[in-house]
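Shown below: data_27.tsv, with TSV, C-alpha atoms and all ligand atoms.
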```tsv
chain	number	residue	atom	x	y	z
G	1	MET	CA	6.42	-16.20	-12.00
G	2	GLU	CA	4.52	-16.94	-8.78
G	3	GLN	CA	0.73	-16.54	-8.71
G	4	ASP	CA	-1.75	-15.39	-6.02
G	5	GLN	CA	0.96	-14.60	-3.50
G	6	PRO	CA	0.00	-12.88	-0.23
G	7	LEU	CA	1.45	-9.37	-0.07
G	8	ALA	CA	0.94	-8.65	3.64
G	9	PRO	CA	4.05	-10.61	4.72
G	10	LEU	CA	6.13	-8.56	2.28
G	11	THR	CA	5.29	-5.27	4.04
G	12	SER	CA	6.04	-3.82	7.48
G	13	LEU	CA	2.34	-2.96	7.94
G	14	ARG	CA	1.47	-6.61	7.24
G	15	LEU	CA	-1.54	-5.50	5.19
G	16	GLY	CA	-2.90	-6.21	1.74
G	17	GLY	CA	-4.46	-9.06	-0.22
G	18	PRO	CA	-2.68	-11.22	-2.79
G	19	ALA	CA	-0.65	-10.25	-5.84
G	20	ARG	CA	-1.96	-11.84	-9.01
G	21	TYR	CA	1.66	-12.35	-10.05
G	22	LEU	CA	4.93	-11.97	-8.16
G	23	ALA	CA	8.43	-12.01	-9.65
G	24	ARG	CA	11.52	-12.00	-7.46
G	25	CYS	CA	14.31	-10.42	-9.52
G	26	THR	CA	17.97	-10.63	-8.60
G	27	SER	CA	19.55	-9.30	-11.80
G	28	ASN	CA	18.95	-6.74	-14.54
G	29	GLY	CA	18.18	-9.70	-16.81
G	30	ASP	CA	15.41	-10.87	-14.45
G	31	LEU	CA	13.97	-7.35	-14.32
G	32	ARG	CA	13.93	-7.02	-18.12
G	33	GLU	CA	12.37	-10.45	-18.54
G	34	ALA	CA	9.59	-9.66	-16.04
G	35	LEU	CA	8.89	-6.27	-17.63
G	36	VAL	CA	8.65	-7.81	-21.11
G	37	TRP	CA	6.39	-10.57	-19.78
G	38	ALA	CA	4.04	-7.98	-18.23
G	39	ALA	CA	4.07	-5.71	-21.31
G	40	GLU	CA	3.21	-8.60	-23.64
G	41	ARG	CA	0.17	-9.43	-21.51
G	42	GLY	CA	-0.91	-5.87	-20.70
G	43	VAL	CA	-0.39	-6.58	-16.99
G	44	SER	CA	0.33	-3.58	-14.74
G	45	VAL	CA	3.52	-3.64	-12.67
G	46	HIS	CA	4.27	-2.48	-9.15
G	47	VAL	CA	7.90	-2.33	-7.98
G	48	LEU	CA	8.50	-3.50	-4.40
G	49	GLY	CA	11.54	-3.24	-2.17
G	50	GLY	CA	11.32	-4.04	1.55
G	51	GLY	CA	7.67	-2.97	1.74
G	52	SER	CA	8.28	-0.61	4.68
G	53	ASN	CA	6.73	2.38	2.95
G	54	THR	CA	3.95	0.56	1.12
G	55	LEU	CA	0.28	-0.01	1.86
G	56	PHE	CA	-1.39	-2.56	-0.40
G	57	ASP	CA	-5.17	-2.66	-0.70
G	58	ASP	CA	-7.19	-5.36	1.08
G	59	ALA	CA	-8.14	-6.64	-2.39
G	60	GLY	CA	-4.47	-7.11	-3.27
G	61	PHE	CA	-2.86	-6.09	-6.55
G	62	ASP	CA	-4.31	-7.26	-9.85
G	63	GLY	CA	-1.00	-7.22	-11.69
G	64	LEU	CA	2.66	-8.13	-11.33
G	65	VAL	CA	4.54	-7.21	-8.17
G	66	LEU	CA	8.17	-7.07	-9.10
G	67	HIS	CA	10.42	-7.55	-6.08
G	68	VAL	CA	13.86	-6.00	-6.56
G	69	GLY	CA	16.49	-8.21	-4.97
G	70	LEU	CA	19.76	-7.20	-6.66
G	71	GLN	CA	22.61	-7.89	-4.23
G	72	GLY	CA	26.25	-6.83	-3.88
G	73	VAL	CA	28.29	-4.17	-2.11
G	74	ASP	CA	31.45	-2.71	-3.61
G	75	ILE	CA	33.69	-0.28	-1.70
G	76	LEU	CA	36.24	1.80	-3.58
G	77	ARG	CA	38.61	3.61	-1.21
G	78	ALA	CA	40.78	6.66	-1.84
G	79	ASP	CA	42.60	8.02	1.21
G	80	GLU	CA	39.98	8.95	3.82
G	81	ALA	CA	37.02	8.76	1.41
G	82	ALA	CA	35.17	5.85	-0.17
G	83	LEU	CA	32.60	5.25	-2.87
G	84	VAL	CA	30.17	2.60	-1.70
G	85	THR	CA	28.02	1.01	-4.40
G	86	ALA	CA	25.21	-1.29	-3.31
G	87	GLY	CA	22.65	-3.36	-5.17
G	88	ALA	CA	19.07	-2.13	-4.85
G	89	GLY	CA	18.07	-5.30	-3.02
G	90	GLU	CA	20.60	-4.94	-0.21
G	91	ASP	CA	19.11	-4.36	3.23
G	92	TRP	CA	19.58	-0.67	4.05
G	93	ASP	CA	20.39	-1.03	7.74
G	94	GLY	CA	22.74	-3.90	6.92
G	95	LEU	CA	24.59	-1.54	4.59
G	96	VAL	CA	24.77	1.18	7.27
G	97	ALA	CA	26.15	-1.32	9.80
G	98	HIS	CA	28.66	-2.60	7.24
G	99	CYS	CA	29.89	0.94	6.45
G	100	VAL	CA	30.17	1.93	10.11
G	101	ALA	CA	32.16	-1.24	10.85
G	102	ASP	CA	34.32	-0.39	7.83
G	103	ASP	CA	35.31	2.95	9.39
G	104	LEU	CA	33.01	5.09	7.25
G	105	SER	CA	30.73	7.97	8.22
G	106	GLY	CA	27.94	9.78	6.42
G	107	ILE	CA	24.88	7.54	6.83
G	108	GLU	CA	25.11	6.52	10.52
G	109	CYS	CA	22.17	8.78	11.51
G	110	LEU	CA	20.06	6.73	9.07
G	111	SER	CA	20.60	3.60	11.17
G	112	GLY	CA	17.59	1.44	11.92
G	113	ILE	CA	15.50	2.59	8.94
G	114	PRO	CA	13.85	-0.49	7.43
G	115	GLY	CA	13.74	-1.26	3.72
G	116	LEU	CA	16.18	-1.79	0.89
G	117	VAL	CA	18.88	0.34	-0.71
G	118	GLY	CA	16.93	0.86	-3.97
G	119	ALA	CA	14.16	2.76	-2.21
G	120	THR	CA	16.44	5.22	-0.42
G	121	PRO	CA	16.69	7.71	-3.32
G	122	ILE	CA	12.92	7.52	-4.01
G	123	GLN	CA	11.87	9.61	-1.04
G	124	ASN	CA	15.36	10.84	-0.14
G	125	VAL	CA	15.31	8.86	3.08
G	126	GLY	CA	16.26	10.99	6.03
G	127	ALA	CA	16.35	11.08	9.82
G	128	TYR	CA	18.16	12.79	12.69
G	129	GLY	CA	19.79	15.45	10.53
G	130	GLN	CA	21.00	13.25	7.66
G	131	GLN	CA	19.39	12.39	4.33
G	132	VAL	CA	20.72	10.21	1.52
G	133	ALA	CA	20.83	13.25	-0.79
G	134	ASP	CA	23.89	14.33	1.25
G	135	SER	CA	25.87	11.24	0.24
G	136	ILE	CA	24.43	9.86	-3.01
G	137	VAL	CA	26.80	10.29	-5.94
G	138	GLU	CA	25.04	8.19	-8.53
G	139	VAL	CA	21.85	6.21	-9.04
G	140	ARG	CA	21.65	3.53	-11.71
G	141	ALA	CA	18.29	2.43	-13.03
G	142	LEU	CA	16.44	0.61	-15.79
G	143	GLU	CA	13.90	2.59	-17.72
G	144	ARG	CA	10.74	0.50	-17.60
G	145	SER	CA	9.49	1.36	-21.10
G	146	THR	CA	12.78	1.07	-23.03
G	147	LEU	CA	14.64	-1.42	-20.76
G	148	GLU	CA	17.69	0.86	-21.19
G	149	GLU	CA	20.16	1.42	-18.34
G	150	VAL	CA	20.30	5.04	-17.18
G	151	THR	CA	22.67	6.78	-14.76
G	152	PHE	CA	21.66	9.79	-12.68
G	153	SER	CA	24.04	12.11	-10.87
G	154	ASN	CA	23.02	13.55	-7.51
G	155	VAL	CA	21.80	16.77	-9.15
G	156	ASP	CA	19.79	14.81	-11.74
G	157	CYS	CA	17.80	13.19	-8.92
G	158	ASP	CA	16.06	16.46	-7.90
G	159	PHE	CA	16.25	15.60	-4.23
G	160	ALA	CA	14.21	17.61	-1.74
G	161	TYR	CA	12.58	16.91	1.64
G	162	ARG	CA	11.28	13.29	1.44
G	163	THR	CA	11.12	13.39	-2.36
G	164	SER	CA	13.04	13.12	-5.64
G	165	ARG	CA	12.32	12.92	-9.38
G	166	PHE	CA	11.57	9.21	-8.82
G	167	LYS	CA	8.64	10.13	-6.58
G	168	GLY	CA	7.64	13.18	-8.61
G	169	ALA	CA	7.86	13.77	-12.37
G	170	ASP	CA	9.33	10.31	-13.04
G	171	ARG	CA	7.20	8.26	-10.66
G	172	ASP	CA	7.01	4.63	-11.89
G	173	ARG	CA	9.30	5.35	-14.85
G	174	TYR	CA	12.49	3.67	-13.59
G	175	ILE	CA	13.59	0.69	-11.53
G	176	ILE	CA	16.59	1.61	-9.42
G	177	THR	CA	19.22	-1.11	-9.62
G	178	ARG	CA	22.32	0.30	-7.85
G	179	VAL	CA	23.14	3.31	-5.70
G	180	THR	CA	26.57	4.82	-5.01
G	181	TYR	CA	27.20	6.81	-1.81
G	182	ARG	CA	30.27	8.91	-1.00
G	183	LEU	CA	31.33	8.34	2.61
G	184	SER	CA	34.47	9.18	4.54
G	185	ARG	CA	36.46	8.33	7.61
G	186	SER	CA	35.38	11.37	9.57
G	187	ARG	CA	33.66	12.31	12.81
G	188	PRO	CA	29.87	12.56	12.38
G	189	GLU	CA	28.32	15.99	12.66
G	190	ILE	CA	25.26	15.97	14.92
G	191	ARG	CA	22.57	18.37	13.73
G	192	TYR	CA	19.61	17.03	15.67
G	193	PRO	CA	19.07	18.25	19.26
G	194	GLU	CA	17.35	15.04	20.41
G	195	LEU	CA	20.38	13.04	19.31
G	196	THR	CA	22.75	15.45	21.06
G	197	ARG	CA	20.75	15.01	24.26
G	198	ARG	CA	20.85	11.23	23.93
G	199	LEU	CA	24.63	11.20	23.42
G	200	GLN	CA	25.07	13.51	26.42
G	201	ALA	CA	22.81	11.30	28.56
G	202	ASP	CA	24.94	8.30	27.55
G	203	GLY	CA	28.09	10.23	28.50
G	204	VAL	CA	29.40	10.15	24.91
G	205	ASP	CA	31.78	12.97	23.95
G	206	LEU	CA	32.06	12.62	20.17
G	207	GLN	CA	35.03	14.99	19.97
G	208	ALA	CA	36.97	12.64	22.22
G	209	LEU	CA	36.26	9.61	20.02
G	210	ALA	CA	38.34	8.48	17.06
G	211	PRO	CA	36.75	9.40	13.71
G	212	GLY	CA	35.27	6.56	11.67
G	213	ARG	CA	34.13	3.32	13.27
G	214	VAL	CA	34.27	4.47	16.92
G	215	ALA	CA	32.50	7.82	16.54
G	216	SER	CA	30.02	6.59	13.90
G	217	GLY	CA	29.35	3.47	15.95
G	218	ALA	CA	28.48	5.60	19.00
G	219	VAL	CA	26.08	7.67	16.88
G	220	ARG	CA	24.55	4.54	15.36
G	221	ASP	CA	23.92	3.10	18.84
G	222	ALA	CA	22.33	6.36	20.02
G	223	VAL	CA	20.11	6.63	16.93
G	224	ILE	CA	18.88	3.06	17.31
G	225	ALA	CA	18.17	3.61	21.01
G	226	VAL	CA	16.13	6.76	20.27
G	227	ARG	CA	14.30	5.03	17.42
G	228	ARG	CA	13.52	2.00	19.57
G	229	SER	CA	11.97	4.24	22.25
G	230	LYS	CA	9.57	5.50	19.55
G	231	SER	CA	8.88	2.06	18.00
G	232	MET	CA	10.70	3.30	14.91
G	233	VAL	CA	12.67	0.10	14.37
G	234	LEU	CA	11.09	-3.17	13.28
G	235	ASP	CA	10.71	-5.40	16.32
G	236	GLU	CA	8.14	-8.20	16.37
G	237	GLY	CA	8.10	-7.99	20.19
G	238	ASP	CA	6.78	-4.41	20.04
G	239	ALA	CA	2.97	-4.01	19.77
G	240	ASN	CA	3.48	-0.80	17.76
G	241	THR	CA	5.81	-2.28	15.18
G	242	ARG	CA	3.36	-2.89	12.32
G	243	SER	CA	3.65	0.53	10.77
G	244	ALA	CA	5.14	2.29	7.78
G	245	GLY	CA	7.05	4.71	10.01
G	246	SER	CA	5.64	8.24	9.82
G	247	PHE	CA	2.35	8.15	7.94
G	248	PHE	CA	2.31	11.91	7.25
G	249	LEU	CA	4.94	14.34	5.99
G	250	ASN	CA	5.73	17.51	7.91
G	251	PRO	CA	3.88	20.17	5.89
G	252	THR	CA	5.82	23.14	4.54
G	253	LEU	CA	3.77	26.33	4.82
G	254	SER	CA	4.08	29.76	3.24
G	255	GLU	CA	4.28	32.78	5.54
G	256	VAL	CA	0.58	33.49	4.99
G	257	GLN	CA	-0.37	29.88	5.78
G	258	LEU	CA	1.79	29.94	8.91
G	259	GLU	CA	0.11	33.15	10.11
G	260	SER	CA	-3.30	31.59	9.54
G	261	LEU	CA	-2.25	28.51	11.55
G	262	GLN	CA	-0.96	30.75	14.35
G	263	GLU	CA	-4.27	32.65	14.39
G	264	ARG	CA	-6.29	29.45	14.64
G	265	TRP	CA	-4.05	28.27	17.47
G	266	ALA	CA	-4.39	31.65	19.22
G	267	ASP	CA	-8.20	31.25	18.98
G	268	GLN	CA	-7.73	28.08	21.04
G	269	GLY	CA	-5.72	30.04	23.62
G	270	GLY	CA	-2.27	29.00	22.36
G	271	GLU	CA	0.89	30.98	21.63
G	272	ALA	CA	2.63	31.10	18.24
G	273	THR	CA	5.81	29.87	19.92
G	274	ASP	CA	4.03	26.62	20.94
G	275	ILE	CA	4.02	25.47	17.29
G	276	PRO	CA	7.19	23.55	16.38
G	277	THR	CA	8.28	25.40	13.23
G	278	PHE	CA	11.53	25.19	11.25
G	279	ALA	CA	12.27	27.79	8.58
G	280	ASN	CA	13.80	26.38	5.40
G	281	VAL	CA	14.31	27.56	1.82
G	282	GLN	CA	10.82	26.45	0.78
G	283	GLY	CA	9.01	28.10	3.70
G	284	TYR	CA	8.14	26.93	7.20
G	285	LYS	CA	8.14	23.26	8.05
G	286	VAL	CA	5.65	22.48	10.83
G	287	ALA	CA	5.75	19.28	12.88
G	288	ALA	CA	2.90	17.09	11.62
G	289	ALA	CA	2.93	15.18	14.93
G	290	TRP	CA	2.06	18.39	16.78
G	291	LEU	CA	-0.85	19.10	14.41
G	292	VAL	CA	-2.19	15.55	14.79
G	293	GLU	CA	-2.01	15.54	18.59
G	294	ARG	CA	-3.43	19.08	18.96
G	295	SER	CA	-6.33	18.07	16.68
G	296	GLY	CA	-7.40	15.58	19.33
G	297	PHE	CA	-5.66	12.36	18.26
G	298	ALA	CA	-3.82	11.02	21.26
G	299	ARG	CA	-1.17	8.36	20.93
G	300	GLY	CA	-2.82	4.97	21.31
G	301	THR	CA	-6.10	6.14	19.63
G	302	ARG	CA	-7.88	3.14	18.04
G	303	ARG	CA	-10.35	2.88	15.16
G	304	GLY	CA	-11.23	-0.74	14.46
G	305	SER	CA	-8.02	-2.63	13.79
G	306	ALA	CA	-6.05	0.56	13.10
G	307	GLY	CA	-4.47	2.84	15.64
G	308	ILE	CA	-1.97	5.54	16.36
G	309	SER	CA	1.26	4.24	17.84
G	310	GLN	CA	1.54	4.60	21.60
G	311	ASN	CA	5.06	5.87	21.07
G	312	HIS	CA	4.82	8.11	17.99
G	313	ALA	CA	1.93	10.38	17.00
G	314	LEU	CA	2.69	10.08	13.28
G	315	ALA	CA	2.87	6.30	13.03
G	316	LEU	CA	-0.35	4.49	12.17
G	317	VAL	CA	-0.30	0.91	13.35
G	318	ASN	CA	-2.09	-2.16	12.06
G	319	HIS	CA	-3.45	-4.26	14.94
G	320	GLY	CA	-5.45	-6.62	12.73
G	321	ASP	CA	-5.75	-7.16	9.01
G	322	SER	CA	-7.67	-4.26	7.48
G	323	ALA	CA	-6.06	-1.75	5.13
G	324	ALA	CA	-9.50	-0.10	4.94
G	325	ASP	CA	-9.42	0.61	8.69
G	326	LEU	CA	-5.97	2.14	8.38
G	327	LEU	CA	-6.97	4.29	5.40
G	328	GLY	CA	-10.14	5.30	7.28
G	329	LEU	CA	-8.16	6.47	10.30
G	330	ALA	CA	-5.72	8.34	8.03
G	331	ALA	CA	-8.62	10.07	6.26
G	332	GLU	CA	-10.20	11.04	9.59
G	333	ILE	CA	-6.92	12.56	10.76
G	334	VAL	CA	-6.45	14.51	7.52
G	335	THR	CA	-10.01	15.91	7.65
G	336	THR	CA	-9.79	16.85	11.33
G	337	VAL	CA	-6.39	18.55	11.00
G	338	GLU	CA	-7.75	20.45	8.00
G	339	THR	CA	-10.84	21.59	9.93
G	340	THR	CA	-8.88	22.47	13.06
G	341	PHE	CA	-5.84	24.16	11.55
G	342	GLY	CA	-6.51	24.67	7.83
G	343	VAL	CA	-3.44	22.54	7.01
G	344	THR	CA	-3.60	19.57	4.63
G	345	LEU	CA	-1.44	16.63	5.64
G	346	GLU	CA	0.12	14.55	2.89
G	347	ARG	CA	0.55	10.78	3.16
G	348	GLU	CA	4.15	9.53	3.20
G	349	PRO	CA	3.76	5.80	2.37
G	350	VAL	CA	2.72	4.65	-1.08
G	351	TYR	CA	-0.83	3.30	-1.28
G	352	VAL	CA	-1.21	0.69	-4.03
G	353	PRO	CA	-4.81	0.22	-5.18
G	354	ARG	CA	-5.96	-3.09	-6.64
V	1	LIG	C1	9.51	1.60	11.58
V	1	LIG	C2	9.78	2.45	10.38
V	1	LIG	C3	10.58	3.57	10.49
V	1	LIG	C4	10.86	4.37	9.37
V	1	LIG	N1	11.65	5.45	9.53
V	1	LIG	C5	11.95	6.23	8.45
V	1	LIG	C6	12.79	7.37	8.59
V	1	LIG	O1	13.29	7.67	9.67
V	1	LIG	N2	13.05	8.11	7.49
V	1	LIG	C7	12.54	7.79	6.26
V	1	LIG	O2	12.83	8.50	5.30
V	1	LIG	N3	11.74	6.72	6.11
V	1	LIG	C8	11.43	5.93	7.16
V	1	LIG	N4	10.60	4.86	7.01
V	1	LIG	C9	9.99	4.58	5.71
V	1	LIG	C10	10.75	3.51	4.89
V	1	LIG	O3	11.48	2.65	5.70
V	1	LIG	C11	11.69	4.13	3.87
V	1	LIG	O4	10.98	4.99	3.01
V	1	LIG	C12	12.41	3.06	3.03
V	1	LIG	O5	13.37	3.65	2.21
V	1	LIG	C13	11.45	2.26	2.16
V	1	LIG	O6	12.19	1.19	1.62
V	1	LIG	P1	11.50	-0.11	1.10
V	1	LIG	O7	12.54	-0.90	0.38
V	1	LIG	O8	10.80	-0.80	2.19
V	1	LIG	O9	10.46	0.52	0.06
V	1	LIG	P2	9.05	-0.03	-0.42
V	1	LIG	O10	8.03	0.19	0.64
V	1	LIG	O11	9.17	-1.40	-0.95
V	1	LIG	O12	8.76	0.96	-1.64
V	1	LIG	C14	8.54	2.33	-1.41
V	1	LIG	C15	8.39	3.03	-2.77
V	1	LIG	O13	9.60	2.95	-3.48
V	1	LIG	C16	9.42	2.26	-4.73
V	1	LIG	N5	10.61	1.42	-4.90
V	1	LIG	C17	11.16	0.57	-4.01
V	1	LIG	N6	12.28	0.03	-4.51
V	1	LIG	C18	12.43	0.54	-5.76
V	1	LIG	C19	13.40	0.37	-6.79
V	1	LIG	N7	14.45	-0.44	-6.65
V	1	LIG	N8	13.23	1.06	-7.95
V	1	LIG	C20	12.16	1.88	-8.12
V	1	LIG	N9	11.22	2.08	-7.18
V	1	LIG	C21	11.36	1.42	-6.01
V	1	LIG	C22	8.14	1.46	-4.57
V	1	LIG	O14	7.51	1.24	-5.82
V	1	LIG	C23	7.33	2.40	-3.68
V	1	LIG	O15	6.79	3.42	-4.49
V	1	LIG	C24	10.30	4.04	8.12
V	1	LIG	C25	9.48	2.90	8.00
V	1	LIG	C26	9.22	2.12	9.12
V	1	LIG	C27	8.35	0.91	8.99
```
What would you get if you wrote out this structure as structure tokens?
Amino acid sequence: MEQDQPLAPLTSLRLGGPARYLARCTSNGDLREALVWAAERGVSVHVLGGGSNTLFDDAGFDGLVLHVGLQGVDILRADEAALVTAGAGEDWDGLVAHCVADDLSGIECLSGIPGLVGATPIQNVGAYGQQVADSIVEVRALERSTLEEVTFSNVDCDFAYRTSRFKGADRDRYIITRVTYRLSRSRPEIRYPELTRRLQADGVDLQALAPGRVASGAVRDAVIAVRRSKSMVLDEGDANTRSAGSFFLNPTLSEVQLESLQERWADQGGEATDIPTFANVQGYKVAAAWLVERSGFARGTRRGSAGISQNHALALVNHGDSAADLLGLAAEIVTTVETTFGVTLEREPVYVPR
């Protein structure tokens, strides 16, 4: 058990004070031992993966930060399909690269997303037309209170847009230890117009490429190029890199809420068709980036040591060492978007108070 360990270096935002205790766990046994240790002392526990969706408080965390580092990748093949099981502590993008090189498709559009495998089911990680809910077969976890191993099927996980049971009803109840994805040697299906445009610009004709490694590799390269242009990959040479990715979720509105938004926009002289809106089963998803920018927050806006990325209106960037500044900017954006459009933005990263 390490004591008074700085948390900032363990996160992509590079923010947060020290953890009173830190345990780096590489097995179920380690996890159980750390949980028992904390329970016996009445110490609160926070589970940490790669820290790319986490904002710790400036005062740090007055408890035990339990870093999940379980390793191992196991690939079970049957004809053109494969079941890929990875330890929660495996690097996510490393797993994607490994699968693409191994002739498998199904997660290539999720290339370049930072963090570890164990966090991918938590918010049903997604990008460029894919989400892990499309490929997850099974999630294995330890229940924190009983220390029992539990297995969840895909349906059990209650996946939806950027959420799951692990972020909702069962938040903080389980520690995910292994995840199994079903992939196949197929040609990726491109569902995202920006990615189609990028492939066209690069002269890539997916239909002409062999399924598996070649086609998925071309998609992976295109995704990483698009992400890099938006500072959406971790790159210490990029001034916008200290972020948690998108700081706000795209809000889903009811028909009535959408009409109200359209009216407010019309009052400002705009047209309903200006608002990027995507109908889905829950309602109408509206681009949060559009709401933020139209509420007066330009890319590159600065408040103290916090700012909006120059390359992505939804990414808040740390330019110094103040979580308070970042939270302040986030609060200002939420209030202004609410006043301007009557829409409440929800934070995507997890804020961990002291
Ligand atoms: C540049 C950048 C780009 C990004 N792009 C995307 C994107 O395109 N799409 C997307 O969905 N996300 C994106 N993200 C957000 C983030 O990378 C993902 O949410 C990622 O899955 C978080 O993984 P992590 O291991 O870093 O999680 P952490 O930040 O360590 O943890 C996030 C949450 O999951 C919990 N958790 C982590 N591991 C476990 C576990 N094993 N068991 C139980 N709970 C656990 C934590 O307690 C916390 O609540 C981006 C982030 C950055 C910095």
Neighbourhood of ligand LIG 1 (chain V) at 6 Å, counting all atoms listed in the file, reported as a ChimeraX atom specification: /G:12,46-54,68,88,113-116,118-120,122,125-127,174-177,232-234,243-245,350
Residues near stretch 70-72 of chain G, anyone? I mean within 6 Å using all atoms listed in the file, not counting same-chain ones fewer than 2 positions away, as a list of chain:residue names. G:Thr26, G:Ser27, G:Ala86, G:Gly87, G:Ala88, G:Gly89, G:Glu90
Around (31.0, 8.6, 11.3) in the file's own coordinates, what residues are found within 7 Å if you use all atoms listed in the file, given back as a PDB file with C-alpha atoms, in the coordinates of the input?
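The resulting file, selection.pdb, is shown below:
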```pdb
ATOM      1  CA  VAL G 100      30.170   1.930  10.110  1.00  0.00           C
ATOM      2  CA  LEU G 104      33.010   5.090   7.250  1.00  0.00           C
ATOM      3  CA  SER G 105      30.730   7.970   8.220  1.00  0.00           C
ATOM      4  CA  GLY G 106      27.940   9.780   6.420  1.00  0.00           C
ATOM      5  CA  GLU G 108      25.110   6.520  10.520  1.00  0.00           C
ATOM      6  CA  ARG G 185      36.460   8.330   7.610  1.00  0.00           C
ATOM      7  CA  SER G 186      35.380  11.370   9.570  1.00  0.00           C
ATOM      8  CA  ARG G 187      33.660  12.310  12.810  1.00  0.00           C
ATOM      9  CA  PRO G 188      29.870  12.560  12.380  1.00  0.00           C
ATOM     10  CA  PRO G 211      36.750   9.400  13.710  1.00  0.00           C
ATOM     11  CA  GLY G 212      35.270   6.560  11.670  1.00  0.00           C
ATOM     12  CA  ARG G 213      34.130   3.320  13.270  1.00  0.00           C
ATOM     13  CA  ALA G 215      32.500   7.820  16.540  1.00  0.00           C
ATOM     14  CA  SER G 216      30.020   6.590  13.900  1.00  0.00           C
TER      15      SER G 216
END
```
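Distances here use all atoms listed in the file; by that measure, the residue among G:Leu314, G:Ala306, G:Leu76, G:Leu31 closest to G:Gly328 is G:Ala306.
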Would you compute the distance between atom CA of G:Ala169 and atom CA of G:Leu15? Give it in Å to one decimal.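 Separating atom CA of G:Ala169 from atom CA of G:Leu15 is a distance of 27.7 Å.
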Which residue of G:Val337, G:Ala324, G:Leu261, G:Leu206 approaches G:Phe56 most closely, using only C-alpha atoms: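 Using only C-alpha atoms, G:Phe56 sits closest to G:Ala324.
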Atomic separation - atom CA of G:Asp57 relative to atom CA of G:Pro353, Å: 5.3 Å
Select, from G:Arg242, G:Arg264, G:Arg299, G:Arg182, the residue with the minimum atom-to-atom distance to G:Pro9, counting only C-alpha atoms.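 Using only C-alpha atoms, the shortest distance to G:Pro9 belongs to G:Arg242.
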Return the single residue from G:Tyr181, G:Gln130, G:Ala298, G:Asn311 that is closest to G:Ser229, with distances computed using all atoms listed in the file.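 When distances to G:Ser229 are compared using all atoms listed in the file, the smallest one comes from G:Asn311.
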In Å, rounded to a single decimal, give me how far atom CA of G:Val73 is from atom CA of G:Leu95. 8.1 Å
Between G:Asn280, G:Gln262, G:Asn124, G:Gln3, which one has atoms that come closest to G:Lys167, using all atoms listed in the file?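 Looking only at the distances to G:Lys167, the closest residue turns out to be G:Asn124.
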With distances taken over only C-alpha atoms, the candidate from G:Val286, G:Ala133, G:Ala141, G:Ala272 nearest G:Ser164 is G:Ala133
Neighbours of G:Ser231 within 9 Å (all atoms listed in the file; same-chain residues fewer than 2 positions away dropped), as a ChimeraX atom specification? /G:226-229,233-235,238-241,245,309-312,315
Counting all atoms listed in the file, which residues come within 10 Å of (2.7, 25.0, 1.1), with the point read in the file's coordinates, and could you list them as a list in words?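 Checking each residue against the 10 Å limit leaves Pro251, Thr252, Leu253, Ser254, Glu255, Val256, Gln257, Leu258, Gln282, Gly283, Tyr284, Lys285, Val343 and Thr344 of chain G.
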9 Å contact set for G:Ala287, all atoms listed in the file, chain neighbours under 5 positions out, as a ChimeraX atom specification: /G:249-251,275-278,292
Only C-alpha atoms, please: the residues just picked out, written as a short mmCIF file (atom, residue, chain, number, x, y, z; two decimals), keeping the file's coordinate frame.
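That gives us part.cif:
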```cif
data_model
loop_
_atom_site.label_atom_id
_atom_site.label_comp_id
_atom_site.auth_asym_id
_atom_site.auth_seq_id
_atom_site.Cartn_x
_atom_site.Cartn_y
_atom_site.Cartn_z
CA LEU G 249 4.94 14.34 5.99
CA ASN G 250 5.73 17.51 7.91
CA PRO G 251 3.88 20.17 5.89
CA ILE G 275 4.02 25.47 17.29
CA PRO G 276 7.19 23.55 16.38
CA THR G 277 8.28 25.40 13.23
CA PHE G 278 11.53 25.19 11.25
CA VAL G 292 -2.19 15.55 14.79
#
```
What's around G:Gly304 at 9 Å? Count only C-alpha atoms, leave out sequence neighbours fewer than 2 positions away in its own chain, and write the answer as a PyMOL selection string. chain G and resi 302+306-307+319-320+322+325-326+329
